[in-house]
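Accompanying notes for the structure given below.
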Amino acid sequence: MDAKDKQIGTSGVRGQTHDSGWLWALLVCFLVIVLDGFNTTSISFVVPDLAHEWRLAPARFTPVFVATNIGAAIGFMISGPLAQRFGNRIVGLASVVLFGGSTLATAFAFDIASLSALRLIAAIGLGGALPIAIAASAGIIGPKHKVAASLLVTTGMSVGAVIGGVTGGPLMREFGWQSIFIVGGVLPFALVSAFFRVLPAESKVGAGIASAQTANPFKVLFDEGLGLYTCLLWTFSFLVFTDVYALLFWLPTLMPNFGFAADHASVGMAAFSVGGLAGNILMTAAVAMMTIAGNLRLKSALALGGVLMILSVGTLSQIAVPPAITLLLIAVIGAGLVNGIMGQTALAVAFYPAEVRATGVGWGHAIGRIGSFVGPAIGGALLSIGWPARSIVLTAVVPAVAAILVLGALALAGRRIARGFDTNVVTEH
């Protein structure tokens, strides 16, 4: 292990998961994130049925989506500081219970206001659980493999979204829209005990750059020269989330302009999600192999994904291609962008000291959530002024190019900090 991990000690997770136990601990963290992804996306495929049953226009459900995003951002921001104060076990347990219980209660929502309030509360739990699970996974098998472990666990978000998309329709047809929230609310309680056991007892261990007795872990993200890297990482997160959510939100609306019937417009979102999952798996495998070879180049891999995404967007927006090729291009776009979301998480895991890792991961996602508002808003504005669909898709290149430039700046900033401080910052390219 490196000097920093020796200094802080990692007896919490790794000490509890000796030998094959680390595999079980990783699986538990992965399953928590799978349920996080399932519950986060569940409202998107429930709304059409709910709108029909409540006899409301789908647009009336906008407050529900807004509440979900706001709640997730709150959870992301507070999970790290709360874990620093009360310990990972308490905060992790509370987060899972909160999102499980609130999701279960959502099955009894009766109007937009009650649905929005319950989704807000559930999303706070969802946002709180994710950084805790990712930070814990990074400590399970040692510092050498912490990036690969965090990537593997973060893939659970995509797995959960895909499971929701595949099972959501049959569940609702057989048991009604409430079944989605009953399943999504009951399953987290099956993991509560196991999640509690695999988490480190507390995050207040050791001393150094983020000593247990120092104040505000958020402030540590800007201490001792780390501020530049933090700001660049947040910028990268914002840009990636802007592109991801703009395309996810508007792809079904734009698909008829690419030769698809209106009742088949959802295949675009399916292609995007499947591409994202495939990209996640490939990225995790590639990082694991690079780690074994001792030549981790995470930023280079993310930049390559960005380039492939830009080429695919350019082709899709400028050339008329058959529907099968259109879906393939959308899948490549999804792979490049969803890998960016995974990548910003992995960069935080690799860079920040263990005792503020959850705070670093959480705030990166919270800033990204701002992009999840901005991207769809820009897309909607362009649609409202009559821009062609292909031109709107082409605008996705702008944040992608900016994100690649930020990756270059992150590489330079990371090397500069690594030379100046004895921390566990990432030194890959």
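Identifiers in this document derive from the order of the structure tokens: chains are assigned A, B, ..., residues are numbered from 1 separately in each chain, and ligands are numbered from 1 in order of occurrence.
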
Which residues of segment 63-134 of chain A have any atom within 12 Å of an atom in segment 346-358 of chain A when counting only C-alpha atoms, and what is the closest pair of atoms for each, with the distance in Å to one decimal? Order the rows by chain and rising number and write it as JSON lines.
{"residue": "A:Gly75", "atom": "CA", "partner": "A:Ala358", "partner_atom": "CA", "distance": 11.3}
{"residue": "A:Phe76", "atom": "CA", "partner": "A:Ala358", "partner_atom": "CA", "distance": 8.8}
{"residue": "A:Met77", "atom": "CA", "partner": "A:Ala358", "partner_atom": "CA", "distance": 9.4}
{"residue": "A:Ile78", "atom": "CA", "partner": "A:Ala358", "partner_atom": "CA", "distance": 9.6}
{"residue": "A:Ser79", "atom": "CA", "partner": "A:Ala358", "partner_atom": "CA", "distance": 7.1}
{"residue": "A:Gly80", "atom": "CA", "partner": "A:Ala358", "partner_atom": "CA", "distance": 4.7}
{"residue": "A:Pro81", "atom": "CA", "partner": "A:Val356", "partner_atom": "CA", "distance": 8.2}
{"residue": "A:Leu82", "atom": "CA", "partner": "A:Ala358", "partner_atom": "CA", "distance": 9.8}
{"residue": "A:Ala83", "atom": "CA", "partner": "A:Ala358", "partner_atom": "CA", "distance": 7.9}
{"residue": "A:Gln84", "atom": "CA", "partner": "A:Glu355", "partner_atom": "CA", "distance": 7.4}
{"residue": "A:Arg85", "atom": "CA", "partner": "A:Glu355", "partner_atom": "CA", "distance": 11.0}
{"residue": "A:Gly87", "atom": "CA", "partner": "A:Glu355", "partner_atom": "CA", "distance": 10.4}
{"residue": "A:Asn88", "atom": "CA", "partner": "A:Ala358", "partner_atom": "CA", "distance": 9.2}
{"residue": "A:Val91", "atom": "CA", "partner": "A:Ala358", "partner_atom": "CA", "distance": 11.1}
{"residue": "A:Gly92", "atom": "CA", "partner": "A:Ala358", "partner_atom": "CA", "distance": 10.9}
{"residue": "A:Gly127", "atom": "CA", "partner": "A:Ala358", "partner_atom": "CA", "distance": 11.2}
{"residue": "A:Gly128", "atom": "CA", "partner": "A:Ala358", "partner_atom": "CA", "distance": 9.4}
{"residue": "A:Ala129", "atom": "CA", "partner": "A:Ala358", "partner_atom": "CA", "distance": 9.8}
{"residue": "A:Leu130", "atom": "CA", "partner": "A:Ala358", "partner_atom": "CA", "distance": 8.7}
{"residue": "A:Pro131", "atom": "CA", "partner": "A:Ala358", "partner_atom": "CA", "distance": 4.9}
{"residue": "A:Ile132", "atom": "CA", "partner": "A:Ala358", "partner_atom": "CA", "distance": 5.6}
{"residue": "A:Ala133", "atom": "CA", "partner": "A:Ala358", "partner_atom": "CA", "distance": 8.5}
{"residue": "A:Ile134", "atom": "CA", "partner": "A:Ala358", "partner_atom": "CA", "distance": 7.5}

Okay, now the selection with N, CA and C atoms, as a JSON list (two decimals), in the first residue's frame?
[["chain", "number", "residue", "atom", "x", "y", "z"],
["A", 75, "GLY", "N", -28.35, 14.71, -0.88],
["A", 75, "GLY", "CA", -27.72, 13.50, -0.35],
["A", 75, "GLY", "C", -26.25, 13.41, -0.68],
["A", 76, "PHE", "N", -25.90, 13.73, -1.91],
["A", 76, "PHE", "CA", -24.49, 13.71, -2.32],
["A", 76, "PHE", "C", -23.65, 14.65, -1.47],
["A", 77, "MET", "N", -24.18, 15.84, -1.20],
["A", 77, "MET", "CA", -23.40, 16.86, -0.49],
["A", 77, "MET", "C", -23.23, 16.56, 0.99],
["A", 78, "ILE", "N", -24.24, 15.96, 1.61],
["A", 78, "ILE", "CA", -24.17, 15.80, 3.07],
["A", 78, "ILE", "C", -23.61, 14.46, 3.52],
["A", 79, "SER", "N", -23.54, 13.47, 2.63],
["A", 79, "SER", "CA", -23.15, 12.13, 3.07],
["A", 79, "SER", "C", -21.72, 12.09, 3.62],
["A", 80, "GLY", "N", -20.79, 12.73, 2.91],
["A", 80, "GLY", "CA", -19.40, 12.72, 3.36],
["A", 80, "GLY", "C", -19.20, 13.39, 4.71],
["A", 81, "PRO", "N", -19.66, 14.64, 4.88],
["A", 81, "PRO", "CA", -19.52, 15.28, 6.19],
["A", 81, "PRO", "C", -20.22, 14.52, 7.31],
["A", 82, "LEU", "N", -21.40, 13.95, 7.04],
["A", 82, "LEU", "CA", -22.09, 13.19, 8.07],
["A", 82, "LEU", "C", -21.32, 11.92, 8.43],
["A", 83, "ALA", "N", -20.74, 11.26, 7.41],
["A", 83, "ALA", "CA", -19.93, 10.07, 7.68],
["A", 83, "ALA", "C", -18.70, 10.42, 8.50],
["A", 84, "GLN", "N", -18.13, 11.60, 8.23],
["A", 84, "GLN", "CA", -16.97, 12.06, 9.00],
["A", 84, "GLN", "C", -17.35, 12.27, 10.47],
["A", 85, "ARG", "N", -18.57, 12.71, 10.69],
["A", 85, "ARG", "CA", -19.00, 13.03, 12.05],
["A", 85, "ARG", "C", -19.54, 11.80, 12.80],
["A", 87, "GLY", "N", -19.69, 8.43, 11.40],
["A", 87, "GLY", "CA", -19.17, 7.15, 10.96],
["A", 87, "GLY", "C", -19.92, 6.61, 9.75],
["A", 88, "ASN", "N", -19.22, 5.84, 8.92],
["A", 88, "ASN", "CA", -19.79, 5.32, 7.69],
["A", 88, "ASN", "C", -20.96, 4.37, 7.94],
["A", 91, "VAL", "N", -24.27, 6.34, 8.82],
["A", 91, "VAL", "CA", -24.78, 7.11, 7.69],
["A", 91, "VAL", "C", -25.19, 6.19, 6.54],
["A", 92, "GLY", "N", -24.38, 5.15, 6.28],
["A", 92, "GLY", "CA", -24.74, 4.20, 5.23],
["A", 92, "GLY", "C", -26.05, 3.49, 5.54],
["A", 127, "GLY", "N", -28.92, 9.57, -2.76],
["A", 127, "GLY", "CA", -27.69, 10.35, -2.91],
["A", 127, "GLY", "C", -26.71, 10.12, -1.78],
["A", 128, "GLY", "N", -27.22, 9.82, -0.59],
["A", 128, "GLY", "CA", -26.34, 9.56, 0.54],
["A", 128, "GLY", "C", -25.67, 8.20, 0.49],
["A", 129, "ALA", "N", -26.38, 7.20, -0.03],
["A", 129, "ALA", "CA", -25.83, 5.84, -0.05],
["A", 129, "ALA", "C", -24.72, 5.69, -1.07],
["A", 130, "LEU", "N", -24.84, 6.36, -2.22],
["A", 130, "LEU", "CA", -23.89, 6.14, -3.31],
["A", 130, "LEU", "C", -22.44, 6.47, -2.94],
["A", 131, "PRO", "N", -22.14, 7.67, -2.41],
["A", 131, "PRO", "CA", -20.74, 7.96, -2.06],
["A", 131, "PRO", "C", -20.20, 7.03, -0.98],
["A", 132, "ILE", "N", -21.05, 6.65, -0.01],
["A", 132, "ILE", "CA", -20.60, 5.76, 1.06],
["A", 132, "ILE", "C", -20.20, 4.40, 0.48],
["A", 133, "ALA", "N", -21.05, 3.86, -0.39],
["A", 133, "ALA", "CA", -20.77, 2.54, -0.98],
["A", 133, "ALA", "C", -19.53, 2.58, -1.86],
["A", 134, "ILE", "N", -19.37, 3.63, -2.66],
["A", 134, "ILE", "CA", -18.22, 3.73, -3.55],
["A", 134, "ILE", "C", -16.93, 3.90, -2.75]]

With only C-alpha atoms counted and 8 Å as the cut-off, give the residues of segment 211-330 of chain A in contact with segment 378-393 of chain A, each with its shortest interatomic distance in Å and the pair that gives it, as JSON lines.
{"residue": "A:Ala246", "atom": "CA", "partner": "A:Gly379", "partner_atom": "CA", "distance": 6.2}
{"residue": "A:Leu247", "atom": "CA", "partner": "A:Val393", "partner_atom": "CA", "distance": 7.8}
{"residue": "A:Trp250", "atom": "CA", "partner": "A:Gly379", "partner_atom": "CA", "distance": 7.1}
{"residue": "A:Leu254", "atom": "CA", "partner": "A:Ala389", "partner_atom": "CA", "distance": 5.9}
{"residue": "A:Asn257", "atom": "CA", "partner": "A:Ala389", "partner_atom": "CA", "distance": 6.5}
{"residue": "A:Val313", "atom": "CA", "partner": "A:Val393", "partner_atom": "CA", "distance": 6.9}
{"residue": "A:Leu316", "atom": "CA", "partner": "A:Arg390", "partner_atom": "CA", "distance": 7.5}
{"residue": "A:Ser317", "atom": "CA", "partner": "A:Arg390", "partner_atom": "CA", "distance": 4.5}
{"residue": "A:Gln318", "atom": "CA", "partner": "A:Arg390", "partner_atom": "CA", "distance": 7.1}

**Message:** Need to verify the contact set: segment 231-241 of chain A, 6 Å, only C-alpha atoms, exclusion of same-chain residues closer than 2 positions in sequence. Can you return it as number ranges by chain?
**Reply:** A: 228-229, 243-245, 364, 367-368, 371-372, 399, 403

**Asked** Can you list, as a list in words, every protein, DNA or RNA residue that comes within 8 Å of segment 95-101 of chain A when you count only C-alpha atoms, leaving out same-chain residues fewer than 4 positions away?
**Response** Val32, Val91, Ala105, Ile121, Ala122, Ala123, Ile124, Gly125, Leu126, Gly128, Ala129, Gly184, Gly185, Val186, Leu187, Pro188, Phe189 and Val192 of chain A

Would you save the residues from that selection as a PDB file, in the first residue's frame, using C-alpha atoms?
ATOM      1  CA  VAL A  32     -26.669  -1.294  -3.017  1.00  0.00           C
ATOM      2  CA  VAL A  91     -24.784   7.114   7.691  1.00  0.00           C
ATOM      3  CA  ALA A 105     -44.219   4.792   0.881  1.00  0.00           C
ATOM      4  CA  ILE A 121     -36.923  12.222   0.682  1.00  0.00           C
ATOM      5  CA  ALA A 122     -36.070   8.986  -1.139  1.00  0.00           C
ATOM      6  CA  ALA A 123     -33.543  10.781  -3.353  1.00  0.00           C
ATOM      7  CA  ILE A 124     -31.739  12.191  -0.310  1.00  0.00           C
ATOM      8  CA  GLY A 125     -31.211   8.601   0.824  1.00  0.00           C
ATOM      9  CA  LEU A 126     -30.203   7.514  -2.680  1.00  0.00           C
ATOM     10  CA  GLY A 128     -26.336   9.561   0.541  1.00  0.00           C
ATOM     11  CA  ALA A 129     -25.830   5.845  -0.052  1.00  0.00           C
ATOM     12  CA  GLY A 184     -37.754  -0.944  -5.003  1.00  0.00           C
ATOM     13  CA  GLY A 185     -38.648  -0.268  -1.374  1.00  0.00           C
ATOM     14  CA  VAL A 186     -38.544  -3.796   0.041  1.00  0.00           C
ATOM     15  CA  LEU A 187     -35.287  -5.026  -1.526  1.00  0.00           C
ATOM     16  CA  PRO A 188     -32.992  -2.449   0.158  1.00  0.00           C
ATOM     17  CA  PHE A 189     -34.024  -3.774   3.581  1.00  0.00           C
ATOM     18  CA  VAL A 192     -29.243  -3.399   5.337  1.00  0.00           C
TER      19      VAL A 192
END

**Message:** Can you pull out the residues contacting Pro323 of chain A? Cut-off 12 Å, using only C-alpha atoms, and skip same-chain residues under 4 positions away; I want them as a VMD selection string.
**Reply:** chain A and resid 255 to 261 264 to 265 267 to 268 271 316 319 327 to 330

For the residues selected in the previous step, produce a file with N, CA and C atoms as a short mmCIF file (atom, residue, chain, number, x, y, z; two decimals), in the first residue's frame.
data_model
loop_
_atom_site.label_atom_id
_atom_site.label_comp_id
_atom_site.auth_asym_id
_atom_site.auth_seq_id
_atom_site.Cartn_x
_atom_site.Cartn_y
_atom_site.Cartn_z
N MET A 255 -36.11 11.09 -31.87
CA MET A 255 -35.93 9.87 -32.66
C MET A 255 -36.75 9.83 -33.96
N PRO A 256 -38.00 10.35 -34.02
CA PRO A 256 -38.74 10.33 -35.29
C PRO A 256 -38.01 11.06 -36.42
N ASN A 257 -37.16 12.00 -36.08
CA ASN A 257 -36.39 12.72 -37.10
C ASN A 257 -35.24 11.88 -37.65
N PHE A 258 -35.00 10.72 -37.05
CA PHE A 258 -33.95 9.82 -37.53
C PHE A 258 -34.55 8.55 -38.12
N GLY A 259 -35.83 8.62 -38.50
CA GLY A 259 -36.46 7.51 -39.22
C GLY A 259 -37.19 6.51 -38.38
N PHE A 260 -37.48 6.82 -37.11
CA PHE A 260 -38.18 5.89 -36.24
C PHE A 260 -39.62 6.34 -36.03
N ALA A 261 -40.54 5.36 -35.97
CA ALA A 261 -41.93 5.68 -35.68
C ALA A 261 -42.05 6.20 -34.26
N HIS A 264 -41.96 3.84 -31.42
CA HIS A 264 -40.69 3.13 -31.21
C HIS A 264 -39.57 4.09 -30.79
N ALA A 265 -39.96 5.29 -30.39
CA ALA A 265 -38.94 6.30 -30.06
C ALA A 265 -38.12 5.91 -28.83
N VAL A 267 -36.63 3.28 -28.21
CA VAL A 267 -35.47 2.42 -28.49
C VAL A 267 -34.18 3.23 -28.45
N GLY A 268 -34.29 4.54 -28.70
CA GLY A 268 -33.10 5.38 -28.62
C GLY A 268 -32.54 5.42 -27.21
N ALA A 271 -30.98 2.04 -26.43
CA ALA A 271 -29.65 1.91 -27.04
C ALA A 271 -28.61 2.70 -26.25
N LEU A 316 -23.87 10.93 -36.71
CA LEU A 316 -25.32 10.88 -36.55
C LEU A 316 -25.98 12.16 -37.01
N ILE A 319 -24.89 12.69 -41.31
CA ILE A 319 -25.05 11.68 -42.36
C ILE A 319 -26.33 10.88 -42.09
N LEU A 327 -28.86 3.33 -34.16
CA LEU A 327 -28.86 2.79 -32.81
C LEU A 327 -27.45 2.45 -32.34
N LEU A 328 -26.63 1.94 -33.25
CA LEU A 328 -25.24 1.64 -32.89
C LEU A 328 -24.50 2.92 -32.50
N LEU A 329 -24.70 3.98 -33.27
CA LEU A 329 -24.04 5.26 -32.96
C LEU A 329 -24.52 5.80 -31.62
N ILE A 330 -25.82 5.67 -31.35
CA ILE A 330 -26.35 6.14 -30.07
C ILE A 330 -25.74 5.32 -28.93
#
